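S.K.: upload_9.cif is reproduced below (mmCIF, C-alpha atoms).
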data_final
#
loop_
_atom_site.label_atom_id
_atom_site.label_comp_id
_atom_site.auth_asym_id
_atom_site.auth_seq_id
_atom_site.Cartn_x
_atom_site.Cartn_y
_atom_site.Cartn_z
CA MET A 1024 -50.23 -16.57 -22.18
CA PHE A 1025 -46.57 -17.08 -23.06
CA ARG A 1026 -44.35 -14.20 -22.02
CA THR A 1027 -40.91 -13.62 -23.48
CA LYS A 1028 -37.91 -13.23 -21.20
CA ARG A 1029 -37.56 -9.62 -22.31
CA THR A 1030 -41.13 -8.79 -21.36
CA GLY A 1031 -40.57 -10.25 -17.90
CA LEU A 1032 -37.39 -8.20 -17.42
CA VAL A 1033 -39.15 -5.02 -18.55
CA ARG A 1034 -41.99 -5.57 -16.08
CA ARG A 1035 -39.57 -6.20 -13.21
CA LEU A 1036 -37.69 -3.03 -14.11
CA TRP A 1037 -40.87 -0.96 -14.17
CA ARG A 1038 -41.84 -2.26 -10.74
CA SER A 1039 -38.39 -1.16 -9.48
CA ARG A 1040 -38.65 2.41 -10.77
CA ALA A 1041 -37.90 5.31 -8.45
CA PRO A 1042 -40.97 6.42 -6.44
CA VAL A 1043 -42.23 9.95 -6.97
CA GLU A 1044 -43.91 12.28 -4.53
CA GLY A 1045 -47.43 11.07 -3.90
CA ASP A 1046 -46.55 7.39 -4.17
CA GLY A 1047 -47.27 5.48 -1.00
CA ASP A 1048 -43.78 3.99 -0.89
CA ALA A 1049 -41.84 7.13 -1.69
CA ASP A 1050 -38.74 7.26 0.48
CA THR A 1051 -38.61 10.64 2.18
CA ARG A 1052 -35.19 9.83 3.61
CA THR A 1053 -33.65 10.85 0.29
CA HIS A 1054 -35.03 14.34 0.51
CA GLY A 1055 -35.01 15.72 4.03
CA SER A 1056 -35.96 19.10 5.34
CA GLY A 1057 -34.31 22.46 5.19
CA GLY A 1058 -31.35 23.51 7.24
CA CYS A 1059 -28.68 26.18 7.33
CA CYS A 1060 -25.68 23.94 6.63
CA MET A 1061 -26.71 21.45 4.02
CA GLY A 1062 -26.36 20.40 0.44
CA LYS A 1063 -29.12 20.65 -2.10
CA SER A 1064 -32.24 18.74 -1.17
CA THR A 1065 -34.28 16.87 -3.72
CA LYS A 1066 -37.42 18.64 -4.85
CA VAL A 1067 -39.46 15.92 -6.42
CA ALA A 1068 -41.69 16.95 -9.27
CA GLY A 1069 -45.26 15.79 -9.33
CA LYS A 1070 -46.46 13.18 -11.79
CA THR A 1071 -48.48 15.62 -13.85
CA SER A 1072 -45.58 18.02 -14.51
CA ALA A 1073 -44.18 15.92 -17.34
CA GLY A 1074 -46.80 13.55 -18.58
CA THR A 1075 -49.04 11.08 -16.79
CA ASP A 1076 -47.88 7.87 -15.18
CA ALA A 1077 -49.51 5.93 -18.03
CA GLU A 1078 -47.57 7.91 -20.63
CA LEU A 1079 -44.32 7.38 -18.71
CA LYS A 1080 -45.00 3.65 -18.43
CA ALA A 1081 -45.75 3.28 -22.14
CA LEU A 1082 -42.64 5.27 -23.13
CA THR A 1083 -40.37 3.37 -20.73
CA HIS A 1084 -41.68 -0.02 -21.86
CA SER A 1085 -41.17 0.86 -25.53
CA ILE A 1086 -37.55 1.93 -24.87
CA LEU A 1087 -36.65 -1.05 -22.68
CA LYS A 1088 -38.08 -3.54 -25.18
CA GLN A 1089 -35.52 -2.31 -27.71
CA ILE A 1090 -32.62 -3.14 -25.41
CA LYS A 1091 -30.89 -6.53 -25.54
CA ASP A 1092 -31.71 -9.12 -22.88
CA LYS A 1093 -28.18 -9.14 -21.48
CA GLN A 1094 -28.22 -5.37 -21.11
CA LEU A 1095 -31.63 -5.52 -19.41
CA GLU A 1096 -30.29 -8.08 -16.94
CA GLY A 1097 -27.38 -5.77 -16.06
CA LEU A 1098 -29.75 -2.82 -15.63
CA LEU A 1099 -32.08 -4.90 -13.47
CA GLN A 1100 -29.18 -5.99 -11.28
CA ALA A 1101 -28.20 -2.36 -10.71
CA VAL A 1102 -31.75 -1.16 -10.05
CA GLU A 1103 -32.90 -3.98 -7.76
CA SER A 1104 -29.71 -3.85 -5.67
CA LYS A 1105 -29.92 -0.02 -5.58
CA GLY A 1106 -26.32 0.15 -6.74
CA GLY A 1107 -25.07 -2.34 -4.17
CA ALA A 1108 -24.11 -4.97 -6.74
CA ARG A 1109 -21.50 -4.37 -9.41
CA SER A 1110 -23.24 -3.85 -12.74
CA PRO A 1111 -21.92 -3.27 -16.26
CA CYS A 1112 -22.27 -0.10 -18.27
CA LEU A 1113 -25.45 0.21 -20.30
CA LEU A 1114 -24.17 1.72 -23.55
CA LEU A 1115 -26.97 3.23 -25.63
CA PRO A 1116 -27.19 5.92 -28.35
CA SER A 1117 -26.70 9.35 -26.83
CA LYS A 1118 -28.53 11.36 -29.47
CA VAL A 1119 -31.93 9.70 -29.23
CA ASP A 1120 -34.55 12.09 -27.86
CA THR A 1121 -37.79 11.07 -26.20
CA LYS A 1122 -40.88 13.18 -25.49
CA LEU A 1123 -42.86 12.95 -22.30
CA GLY A 1124 -45.80 15.30 -21.99
CA GLN A 1125 -44.63 18.68 -23.24
CA GLN A 1126 -40.93 18.06 -22.58
CA SER A 1127 -38.21 16.32 -24.53
CA TYR A 1128 -35.46 14.28 -22.84
CA SER A 1129 -32.42 12.48 -24.12
CA LEU A 1130 -32.53 8.72 -23.70
CA PRO A 1131 -29.95 8.65 -20.85
CA LEU A 1132 -31.70 11.46 -18.98
CA LEU A 1133 -35.06 9.71 -19.19
CA LEU A 1134 -33.67 6.46 -17.76
CA TYR A 1135 -31.98 8.38 -14.93
CA LYS A 1136 -35.32 10.05 -14.15
CA VAL A 1137 -37.29 6.81 -14.21
CA PHE A 1138 -34.93 4.72 -12.11
CA ARG A 1139 -33.32 7.22 -9.73
CA TRP A 1140 -34.35 10.87 -9.73
CA PRO A 1141 -37.86 11.77 -10.94
CA ASP A 1142 -37.08 15.49 -10.47
CA LEU A 1143 -33.94 15.43 -12.66
CA MET A 1144 -34.04 18.07 -15.40
CA ASP A 1145 -30.55 18.44 -16.86
CA PHE A 1146 -27.18 16.69 -17.20
CA SER A 1147 -25.52 19.61 -15.41
CA GLU A 1148 -27.01 18.23 -12.16
CA LEU A 1149 -25.11 14.96 -12.53
CA LYS A 1150 -21.62 13.57 -12.01
CA ARG A 1151 -20.44 10.29 -13.50
CA LEU A 1152 -18.88 7.95 -10.94
CA SER A 1153 -15.31 6.82 -11.39
CA CYS A 1154 -16.45 3.16 -11.35
CA CYS A 1155 -18.15 3.69 -14.73
CA GLU A 1156 -16.20 2.50 -17.76
CA SER A 1157 -17.34 5.65 -19.57
CA TYR A 1158 -15.78 7.87 -16.87
CA GLY A 1159 -13.47 10.41 -18.46
CA GLU A 1160 -14.25 9.18 -21.98
CA ILE A 1161 -16.18 11.15 -24.57
CA ASN A 1162 -18.04 8.95 -27.04
CA PRO A 1163 -20.25 10.93 -29.41
CA GLU A 1164 -22.31 7.89 -30.34
CA LEU A 1165 -22.76 5.81 -27.18
CA VAL A 1166 -23.10 6.82 -23.54
CA CYS A 1167 -23.56 4.78 -20.38
CA CYS A 1168 -27.19 4.90 -19.23
CA ASN A 1169 -26.77 2.83 -16.08
CA PRO A 1170 -28.46 5.09 -13.47
CA HIS A 1171 -26.25 3.75 -10.67
CA HIS A 1172 -23.11 4.83 -12.49
CA MET A 1173 -24.21 8.42 -11.89
CA SER A 1174 -24.65 10.68 -8.87
CA ARG A 1175 -26.29 14.02 -8.20
CA LEU A 1176 -24.05 17.02 -7.58
CA CYS A 1177 -24.37 18.54 -4.14
CA GLU A 1178 -24.89 22.30 -4.23
CA LEU A 1179 -23.48 24.18 -1.28
CA GLU A 1180 -25.50 26.78 0.57
CA SER A 1181 -24.22 30.30 1.27
CA PRO A 1182 -22.36 30.45 4.60
CA PRO A 1183 -24.00 32.07 7.64
CA PRO A 1184 -22.40 35.07 9.38
CA PRO A 1185 -18.90 34.39 10.72
CA TYR A 1186 -18.35 33.47 14.35
CA SER A 1187 -14.76 32.29 14.65
CA ARG A 1188 -11.64 31.87 12.56
CA TYR A 1189 -11.68 28.08 12.45
CA PRO A 1190 -13.42 25.69 14.86
CA MET A 1191 -10.85 23.82 16.90
CA ASP A 1192 -12.33 20.36 16.48
CA PHE A 1193 -9.56 18.92 14.36
CA LEU A 1194 -6.84 16.72 15.78
CA LYS A 1195 -4.02 18.77 17.24
CA PRO A 1196 -0.44 17.69 16.53
CA ALA A 1197 1.06 15.78 19.42
CA ASP A 1198 4.05 18.13 19.61
CA SER A 1199 1.93 21.30 19.72
CA PRO A 1200 3.15 23.45 22.66
CA ASP A 1201 -0.29 23.90 24.19
CA SER A 1202 -1.66 20.44 23.56
CA GLY A 1203 -2.27 17.71 26.04
CA PRO A 1204 -3.51 14.36 24.73
CA SER A 1205 -4.48 14.25 21.06
CA SER A 1206 -7.98 15.62 20.88
CA THR A 1207 -10.72 16.31 18.38
CA GLU A 1208 -12.70 18.45 20.79
CA THR A 1209 -12.17 21.76 22.53
CA GLY A 1210 -14.43 23.78 24.71
CA GLY A 1211 -15.19 20.59 26.62
CA THR A 1212 -13.45 17.50 27.87
CA THR A 1213 -10.47 16.26 25.94
CA TYR A 1214 -9.86 12.62 25.29
CA SER A 1215 -6.87 10.58 24.30
CA ALA A 1216 -6.73 9.00 20.88
CA PRO A 1217 -4.77 5.84 21.71
CA VAL A 1218 -2.14 5.36 19.03
CA GLY A 1219 -4.47 7.34 16.69
CA LEU A 1220 -2.64 10.43 15.57
CA SER A 1221 0.81 8.93 16.01
CA ASP A 1222 -0.24 6.23 13.51
CA SER A 1223 -0.98 8.82 10.85
CA GLN A 1224 2.23 10.69 11.65
CA ALA A 1225 4.21 7.50 11.30
CA LEU A 1226 2.66 6.85 7.91
CA GLN A 1227 3.54 10.33 6.69
CA GLU A 1228 7.01 10.47 8.22
CA SER A 1229 8.03 7.03 7.00
CA GLY A 1230 8.51 8.34 3.47
CA ASP A 1231 5.88 5.94 2.13
CA ARG A 1232 4.07 7.89 -0.55
CA SER A 1233 2.09 4.99 -1.94
CA HIS A 1234 -0.96 5.96 0.12
CA TRP A 1235 -2.86 9.15 -0.61
CA CYS A 1236 -4.89 9.13 2.60
CA VAL A 1237 -5.60 7.19 5.78
CA VAL A 1238 -9.05 6.65 7.27
CA ALA A 1239 -9.94 6.30 10.93
CA TYR A 1240 -13.36 5.14 12.16
CA TRP A 1241 -14.68 6.58 15.42
CA GLU A 1242 -17.68 5.96 17.62
CA GLU A 1243 -18.17 9.08 19.70
CA LYS A 1244 -14.81 9.59 21.47
CA THR A 1245 -13.35 6.16 20.80
CA ARG A 1246 -11.50 5.08 17.72
CA VAL A 1247 -12.50 1.61 16.54
CA GLY A 1248 -9.98 -0.54 14.70
CA ARG A 1249 -6.72 0.48 13.10
CA LEU A 1250 -6.07 3.21 10.57
CA TYR A 1251 -6.92 2.16 7.02
CA SER A 1252 -4.26 3.18 4.50
CA VAL A 1253 -5.62 3.90 1.01
CA GLN A 1254 -3.52 3.23 -2.08
CA GLU A 1255 -6.20 2.57 -4.72
CA PRO A 1256 -7.85 5.53 -6.51
CA SER A 1257 -11.20 4.77 -4.87
CA LEU A 1258 -12.36 3.16 -1.64
CA ASP A 1259 -15.74 1.84 -0.52
CA ILE A 1260 -16.40 2.41 3.19
CA PHE A 1261 -19.47 0.46 4.27
CA TYR A 1262 -21.20 -1.54 6.95
CA ASP A 1263 -23.00 -4.00 4.70
CA LEU A 1264 -22.51 -4.18 0.93
CA PRO A 1265 -23.81 -7.07 -1.27
CA GLN A 1266 -20.77 -6.97 -3.54
CA GLY A 1267 -17.61 -5.04 -2.95
CA ASN A 1268 -14.40 -4.76 -1.04
CA GLY A 1269 -12.79 -1.97 0.91
CA PHE A 1270 -13.12 -0.77 4.47
CA CYS A 1271 -15.91 -2.85 6.05
CA LEU A 1272 -16.98 -1.21 9.31
CA GLY A 1273 -19.21 -4.18 10.10
CA GLN A 1274 -16.14 -6.35 10.64
CA LEU A 1275 -14.66 -4.09 13.31
CA SER A 1276 -15.07 -5.06 16.93
CA SER A 1277 -16.59 -2.27 19.02
CA ASP A 1278 -17.16 -2.20 22.77
CA ASN A 1279 -19.60 0.68 22.45
CA LYS A 1280 -22.96 -0.45 23.86
CA SER A 1281 -24.71 2.85 23.20
CA PRO A 1282 -28.16 2.16 21.67
CA LEU A 1283 -27.73 5.19 19.39
CA ALA A 1284 -24.36 4.00 18.08
CA GLN A 1285 -25.76 0.52 17.48
CA MET A 1286 -28.74 1.98 15.62
CA VAL A 1287 -26.61 4.25 13.44
CA ARG A 1288 -24.26 1.37 12.57
CA THR A 1289 -27.15 -0.51 10.97
CA LYS A 1290 -28.07 2.58 8.94
CA ILE A 1291 -24.61 3.01 7.40
CA GLY A 1292 -25.51 0.27 4.90
CA TYR A 1293 -23.70 0.80 1.59
CA GLY A 1294 -21.85 3.72 3.17
CA ILE A 1295 -19.77 6.03 1.02
CA GLN A 1296 -17.34 5.88 -1.85
CA LEU A 1297 -14.17 7.93 -1.49
CA SER A 1298 -12.38 8.58 -4.79
CA ARG A 1299 -9.32 10.59 -5.76
CA GLU A 1300 -9.88 12.21 -9.13
CA ASP A 1301 -8.05 14.78 -11.25
CA ASP A 1302 -9.76 17.75 -9.62
CA GLY A 1303 -9.73 16.51 -6.03
CA VAL A 1304 -11.28 13.95 -3.71
CA TRP A 1305 -14.98 13.19 -4.09
CA VAL A 1306 -17.35 11.56 -1.61
CA TYR A 1307 -20.43 9.75 -2.93
CA ASN A 1308 -23.19 8.91 -0.47
CA ARG A 1309 -24.32 5.36 -1.30
CA SER A 1310 -26.40 4.89 1.83
CA CYS A 1311 -30.11 5.54 2.43
CA TYR A 1312 -29.45 8.31 4.96
CA PRO A 1313 -27.65 11.68 4.89
CA ILE A 1314 -23.99 12.07 5.73
CA PHE A 1315 -22.36 15.23 7.12
CA ILE A 1316 -18.99 16.58 6.00
CA LYS A 1317 -16.59 19.24 7.22
CA SER A 1318 -13.54 20.19 5.17
CA ALA A 1319 -11.31 23.25 5.06
CA THR A 1320 -11.47 23.29 1.24
CA LEU A 1321 -15.28 23.17 1.00
CA ASP A 1322 -15.72 26.75 2.08
CA ASN A 1323 -14.50 30.12 0.91
CA PRO A 1324 -10.85 30.71 1.93
CA ASP A 1325 -11.92 34.01 3.50
CA SER A 1326 -14.66 32.35 5.53
CA ARG A 1327 -14.29 32.74 9.28
CA THR A 1328 -15.93 29.42 10.05
CA LEU A 1329 -15.96 25.95 8.55
CA LEU A 1330 -19.45 24.66 7.86
CA VAL A 1331 -20.84 21.16 8.22
CA HIS A 1332 -22.43 20.20 4.89
CA LYS A 1333 -25.32 17.77 4.65
CA VAL A 1334 -25.11 15.36 1.69
CA PHE A 1335 -28.22 13.40 0.81
CA PRO A 1336 -28.33 9.81 -0.51
CA GLY A 1337 -27.28 9.54 -4.15
CA PHE A 1338 -25.37 12.84 -4.05
CA SER A 1339 -21.65 13.51 -4.53
CA ILE A 1340 -19.56 16.34 -3.16
CA LYS A 1341 -15.95 17.36 -3.84
CA ALA A 1342 -14.84 17.06 -0.25
CA PHE A 1343 -11.18 17.95 -0.70
CA ASP A 1344 -9.10 20.00 -3.12
CA PHE A 1345 -5.33 19.47 -2.88
CA GLU A 1346 -4.44 22.74 -4.62
CA LYS A 1347 -6.78 24.74 -2.41
CA ALA A 1348 -5.41 22.99 0.68
CA ASP A 1349 -1.86 23.99 -0.26
CA SER A 1350 -2.94 27.62 -0.51
CA LEU A 1351 -4.36 27.39 3.00
CA GLN A 1352 -0.97 26.54 4.47
CA ARG A 1353 -0.02 30.15 5.16
CA PRO A 1354 3.25 30.52 7.15
CA ASN A 1355 1.94 33.64 8.91
CA ASP A 1356 -1.34 32.01 9.93
CA HIS A 1357 -1.04 31.08 13.62
CA GLU A 1358 -3.92 28.56 13.39
CA PHE A 1359 -2.30 26.56 10.62
CA THR A 1360 1.15 26.90 12.17
CA GLN A 1361 -0.18 25.26 15.33
CA GLN A 1362 -2.39 22.76 13.48
CA PRO A 1363 -0.69 21.85 10.19
CA ARG A 1364 -3.12 19.00 9.51
CA THR A 1365 -6.21 21.20 9.75
CA GLY A 1366 -6.23 21.83 6.00
CA PHE A 1367 -5.59 18.16 5.17
CA THR A 1368 -8.31 16.52 7.25
CA VAL A 1369 -11.94 15.78 6.38
CA GLN A 1370 -14.51 14.64 8.92
CA ILE A 1371 -17.60 12.65 7.91
CA SER A 1372 -20.47 11.65 10.19
CA PHE A 1373 -23.08 9.05 9.29
CA VAL A 1374 -26.77 9.90 9.85
CA LYS A 1375 -26.21 12.47 12.63
CA GLY A 1376 -24.97 16.01 12.10
CA TRP A 1377 -23.03 18.35 14.37
CA GLY A 1378 -22.17 22.01 14.65
CA GLN A 1379 -24.16 25.20 15.00
CA CYS A 1380 -27.28 23.77 13.34
CA TYR A 1381 -27.47 20.71 15.62
CA THR A 1382 -27.60 19.80 19.28
CA ARG A 1383 -24.21 18.09 18.96
CA GLN A 1384 -21.58 20.82 18.84
CA PHE A 1385 -18.59 18.53 18.26
CA ILE A 1386 -18.14 15.58 15.95
CA SER A 1387 -16.91 13.52 18.89
CA SER A 1388 -20.53 13.55 20.08
CA CYS A 1389 -21.65 11.80 16.87
CA PRO A 1390 -22.26 8.05 17.19
CA CYS A 1391 -20.39 6.94 14.04
CA TRP A 1392 -17.93 9.05 12.09
CA LEU A 1393 -14.83 8.99 9.93
CA GLU A 1394 -11.66 11.00 9.88
CA VAL A 1395 -9.84 11.13 6.54
CA ILE A 1396 -6.25 12.40 6.77
CA PHE A 1397 -4.62 13.19 3.42
CA ASN A 1398 -0.97 12.64 2.60
CA ASN A 1399 0.44 16.11 1.91
CA GLN A 1400 3.93 14.94 0.98
#
With the file now loaded, output its structure as structure tokens.
M.R.:
Amino acid sequence: MFRTKRTGLVRRLWRSRAPVEGDGDADTRTHGSGGCCMGKSTKVAGKTSAGTDAELKALTHSILKQIKDKQLEGLLQAVESKGGARSPCLLLPSKVDTKLGQQSYSLPLLLYKVFRWPDLMDFSELKRLSCCESYGEINPELVCCNPHHMSRLCELESPPPPYSRYPMDFLKPADSPDSGPSSTETGGTTYSAPVGLSDSQALQESGDRSHWCVVAYWEEKTRVGRLYSVQEPSLDIFYDLPQGNGFCLGQLSSDNKSPLAQMVRTKIGYGIQLSREDDGVWVYNRSCYPIFIKSATLDNPDSRTLLVHKVFPGFSIKAFDFEKADSLQRPNDHEFTQQPRTGFTVQISFVKGWGQCYTRQFISSCPCWLEVIFNNQ
């Protein structure tokens, strides 16, 4: 029987829908288990909570068949590549409501549920990515429904009881009176960061304000490659990305033969997207595995310890706030006097966490991690 092109596209899209709990191929890596220092985990709703699978299929097919072929092709590209390929915005009416079971959903929300997050309930759980053409624009008639132009917002857990003022696992300034070699670890062996910190100092002291941050890639205690200076508003940091440019970790030459480091490298995949926006710097986890973040501006200013936050795949977190960081630079605070870059540094580990909830106490024990140093001039 003759099938139209549109019918074929619709069927391919339905086969590429997001798995729900109970499906044999559901990817548990996107959910994870509980922990004391983590972002919000995904709690996937069962199929029967909002209509049967047959009802969802019929509703999705009827909606997709009303979309133009070219738009379906763009949506299919986004869904099949899991956001790895650049895809156009899918502009559809924003005020069209659909009913599934006993609940009503807007058209964009339904498509986000079908193709990314089956447990999604409200727009307040989402953040539009800066790569979307609709980012920052308010159109009362049309809204982008491309599910890979959105991310889930990471909710931070309440901090545990305080233990110390600030963990000393940030890079110490080279001219600090009590510092030996530049180090990201205390309470254990220190290690030299060859050229490392002096590179970032040179960038900041040169008067070049075109960059807003520099990124260093580390494998355990060794920095790999040169510092990456960031001038564009957003940066993709990845190991293997079908389409894209930015900081490709897969092109760096590493002498680290550790089986764990080699395994984690392959799991970085699409990596993260780092973007400077009006309210701060956001990190979007594009990979299939969690990332772990520590930042002085993620926690309460009165907190006596900085937490490591777990960010699941598909989630975004505001990792750095410039205004909040400025308020942390207190002239009477001995810690910040001795370590002026503490408030302007973010550490990100791929796959493996560190800190009080993990066996690794210091980020320098993590196989693959990033240090993002912001330009505070």
S.K.: Between atom CA of Gly1269 of chain A and atom CA of His1172 of chain A, what is the distance, to one decimal in Å?
M.R.: 18.2 Å
S.K.: Mind giving me the straight-line distance from atom CA of Lys1080 of chain A to atom CA of Leu1113 of chain A in Å, one decimal?
M.R.: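 So the two atoms, atom CA of Lys1080 of chain A and atom CA of Leu1113 of chain A, lie 19.9 Å apart.
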S.K.: Any idea what's packed within 8 Å of Arg1139 of chain A, counting all atoms listed in the file, ignoring anything in its chain fewer than 4 positions away? Could you give it as a list in words?
M.R.: Arg1040, Ala1041, Tyr1135, Pro1170 and His1171 of chain A
S.K.: For each of A:Asp1302, A:Pro1390, A:Thr1382, A:Ile1396, take the minimum atom-to-atom distance to His1234 of chain A, counting only C-alpha atoms, then give the residue where this is smallest.
M.R.: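 Residue with the minimum atom-to-atom distance to His1234 of chain A: A:Ile1396.
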S.K.: Could you tell me which of A:Ile1386, A:Leu1393, A:Ala1081, A:Leu1132 comes closest to Tyr1240 of chain A if we count all atoms listed in the file?
M.R.: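 Among the listed residues, the smallest separation from Tyr1240 of chain A belongs to A:Leu1393.
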S.K.: In the coordinates of the file, take the point (-16.7, 6.8, -9.6) and a cut-off of 10 Å; then, counting only C-alpha atoms, name each qualifying protein, DNA or RNA residue as a list in words.
M.R.: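 Selection result: Lys1150, Arg1151, Leu1152, Ser1153, Cys1154, Cys1155, Glu1156, Tyr1158, His1172, Met1173, Ser1174, Pro1256, Ser1257, Leu1258, Gln1296, Leu1297, Ser1298, Arg1299, Glu1300, Trp1305, Val1306, Tyr1307 and Ser1339 of chain A.
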S.K.: Write to file, as a PDB file, in the frame of the given file, the residues of the selection just made, with C-alpha atoms.
M.R.:
ATOM      1  CA  LYS A1150     -21.620  13.570 -12.010  1.00  0.00           C
ATOM      2  CA  ARG A1151     -20.440  10.290 -13.500  1.00  0.00           C
ATOM      3  CA  LEU A1152     -18.880   7.950 -10.940  1.00  0.00           C
ATOM      4  CA  SER A1153     -15.310   6.820 -11.390  1.00  0.00           C
ATOM      5  CA  CYS A1154     -16.450   3.160 -11.350  1.00  0.00           C
ATOM      6  CA  CYS A1155     -18.150   3.690 -14.730  1.00  0.00           C
ATOM      7  CA  GLU A1156     -16.200   2.500 -17.760  1.00  0.00           C
ATOM      8  CA  TYR A1158     -15.780   7.870 -16.870  1.00  0.00           C
ATOM      9  CA  HIS A1172     -23.110   4.830 -12.490  1.00  0.00           C
ATOM     10  CA  MET A1173     -24.210   8.420 -11.890  1.00  0.00           C
ATOM     11  CA  SER A1174     -24.650  10.680  -8.870  1.00  0.00           C
ATOM     12  CA  PRO A1256      -7.850   5.530  -6.510  1.00  0.00           C
ATOM     13  CA  SER A1257     -11.200   4.770  -4.870  1.00  0.00           C
ATOM     14  CA  LEU A1258     -12.360   3.160  -1.640  1.00  0.00           C
ATOM     15  CA  GLN A1296     -17.340   5.880  -1.850  1.00  0.00           C
ATOM     16  CA  LEU A1297     -14.170   7.930  -1.490  1.00  0.00           C
ATOM     17  CA  SER A1298     -12.380   8.580  -4.790  1.00  0.00           C
ATOM     18  CA  ARG A1299      -9.320  10.590  -5.760  1.00  0.00           C
ATOM     19  CA  GLU A1300      -9.880  12.210  -9.130  1.00  0.00           C
ATOM     20  CA  TRP A1305     -14.980  13.190  -4.090  1.00  0.00           C
ATOM     21  CA  VAL A1306     -17.350  11.560  -1.610  1.00  0.00           C
ATOM     22  CA  TYR A1307     -20.430   9.750  -2.930  1.00  0.00           C
ATOM     23  CA  SER A1339     -21.650  13.510  -4.530  1.00  0.00           C
TER      24      SER A1339
END
S.K.: Run the PyMOL selection byres ((chain A and resi 1345) around 10) mentally over the shown coordinates, then write out the matched residues as an MDAnalysis selection string, using the chain letters and numbers from the document.
M.R.: chainID A and resid 1301:1304 1320 1343:1344 1346:1351 1366:1367 1397:1399
S.K.: I need the output of the PyMOL selection byres ((chain A and resi 1251) around 10) for this file as a list of chain:residue names; which residues are they?
M.R.: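 Residues picked by the PyMOL selection byres ((chain A and resi 1251) around 10): A:Ser1223, A:His1234, A:Cys1236, A:Val1237, A:Val1238, A:Ala1239, A:Tyr1240, A:Gly1248, A:Arg1249, A:Leu1250, A:Ser1252, A:Val1253, A:Gln1254, A:Gly1269, A:Phe1270, A:Val1395.
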S.K.: Store the residues picked out above, limited to C-alpha atoms, as an mmCIF file, in the frame of the given file.
M.R.:
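Output saved as again.cif:
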data_model
loop_
_atom_site.group_PDB
_atom_site.id
_atom_site.type_symbol
_atom_site.label_atom_id
_atom_site.label_comp_id
_atom_site.auth_asym_id
_atom_site.auth_seq_id
_atom_site.Cartn_x
_atom_site.Cartn_y
_atom_site.Cartn_z
ATOM 1 C CA SER A 1223 -0.980 8.820 10.850
ATOM 2 C CA HIS A 1234 -0.960 5.960 0.120
ATOM 3 C CA CYS A 1236 -4.890 9.130 2.600
ATOM 4 C CA VAL A 1237 -5.600 7.190 5.780
ATOM 5 C CA VAL A 1238 -9.050 6.650 7.270
ATOM 6 C CA ALA A 1239 -9.940 6.300 10.930
ATOM 7 C CA TYR A 1240 -13.360 5.140 12.160
ATOM 8 C CA GLY A 1248 -9.980 -0.540 14.700
ATOM 9 C CA ARG A 1249 -6.720 0.480 13.100
ATOM 10 C CA LEU A 1250 -6.070 3.210 10.570
ATOM 11 C CA SER A 1252 -4.260 3.180 4.500
ATOM 12 C CA VAL A 1253 -5.620 3.900 1.010
ATOM 13 C CA GLN A 1254 -3.520 3.230 -2.080
ATOM 14 C CA GLY A 1269 -12.790 -1.970 0.910
ATOM 15 C CA PHE A 1270 -13.120 -0.770 4.470
ATOM 16 C CA VAL A 1395 -9.840 11.130 6.540
#
S.K.: Using the chain letters and numbers from the file, which residues does the PyMOL selection byres ((chain A and resi 1168) around 12) grab, as a ChimeraX atom specification?
M.R.: /A:1087,1090,1094-1095,1097-1098,1101-1102,1110-1117,1129-1139,1146,1151,1155-1157,1165-1167,1169-1173
S.K.: Using all atoms listed in the file for the distances, tell me which of A:Arg1288, A:Arg1029, A:Asp1259, A:Glu1148 is nearest to Gly1273 of chain A.
M.R.: A:Arg1288
S.K.: Counting only C-alpha atoms, note down every residue that has an atom within 12 Å of the point (-36.5, -12.0, -20.1) (file coordinates), as a PDB file with C-alpha atoms, keeping the file's coordinate frame.
M.R.:
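File selection-v4.pdb, as written:
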ATOM      1  CA  PHE A1025     -46.570 -17.080 -23.060  1.00  0.00           C
ATOM      2  CA  ARG A1026     -44.350 -14.200 -22.020  1.00  0.00           C
ATOM      3  CA  THR A1027     -40.910 -13.620 -23.480  1.00  0.00           C
ATOM      4  CA  LYS A1028     -37.910 -13.230 -21.200  1.00  0.00           C
ATOM      5  CA  ARG A1029     -37.560  -9.620 -22.310  1.00  0.00           C
ATOM      6  CA  THR A1030     -41.130  -8.790 -21.360  1.00  0.00           C
ATOM      7  CA  GLY A1031     -40.570 -10.250 -17.900  1.00  0.00           C
ATOM      8  CA  LEU A1032     -37.390  -8.200 -17.420  1.00  0.00           C
ATOM      9  CA  VAL A1033     -39.150  -5.020 -18.550  1.00  0.00           C
ATOM     10  CA  ARG A1034     -41.990  -5.570 -16.080  1.00  0.00           C
ATOM     11  CA  ARG A1035     -39.570  -6.200 -13.210  1.00  0.00           C
ATOM     12  CA  LEU A1036     -37.690  -3.030 -14.110  1.00  0.00           C
ATOM     13  CA  LEU A1087     -36.650  -1.050 -22.680  1.00  0.00           C
ATOM     14  CA  LYS A1088     -38.080  -3.540 -25.180  1.00  0.00           C
ATOM     15  CA  ILE A1090     -32.620  -3.140 -25.410  1.00  0.00           C
ATOM     16  CA  LYS A1091     -30.890  -6.530 -25.540  1.00  0.00           C
ATOM     17  CA  ASP A1092     -31.710  -9.120 -22.880  1.00  0.00           C
ATOM     18  CA  LYS A1093     -28.180  -9.140 -21.480  1.00  0.00           C
ATOM     19  CA  GLN A1094     -28.220  -5.370 -21.110  1.00  0.00           C
ATOM     20  CA  LEU A1095     -31.630  -5.520 -19.410  1.00  0.00           C
ATOM     21  CA  GLU A1096     -30.290  -8.080 -16.940  1.00  0.00           C
ATOM     22  CA  GLY A1097     -27.380  -5.770 -16.060  1.00  0.00           C
ATOM     23  CA  LEU A1099     -32.080  -4.900 -13.470  1.00  0.00           C
TER      24      LEU A1099
END
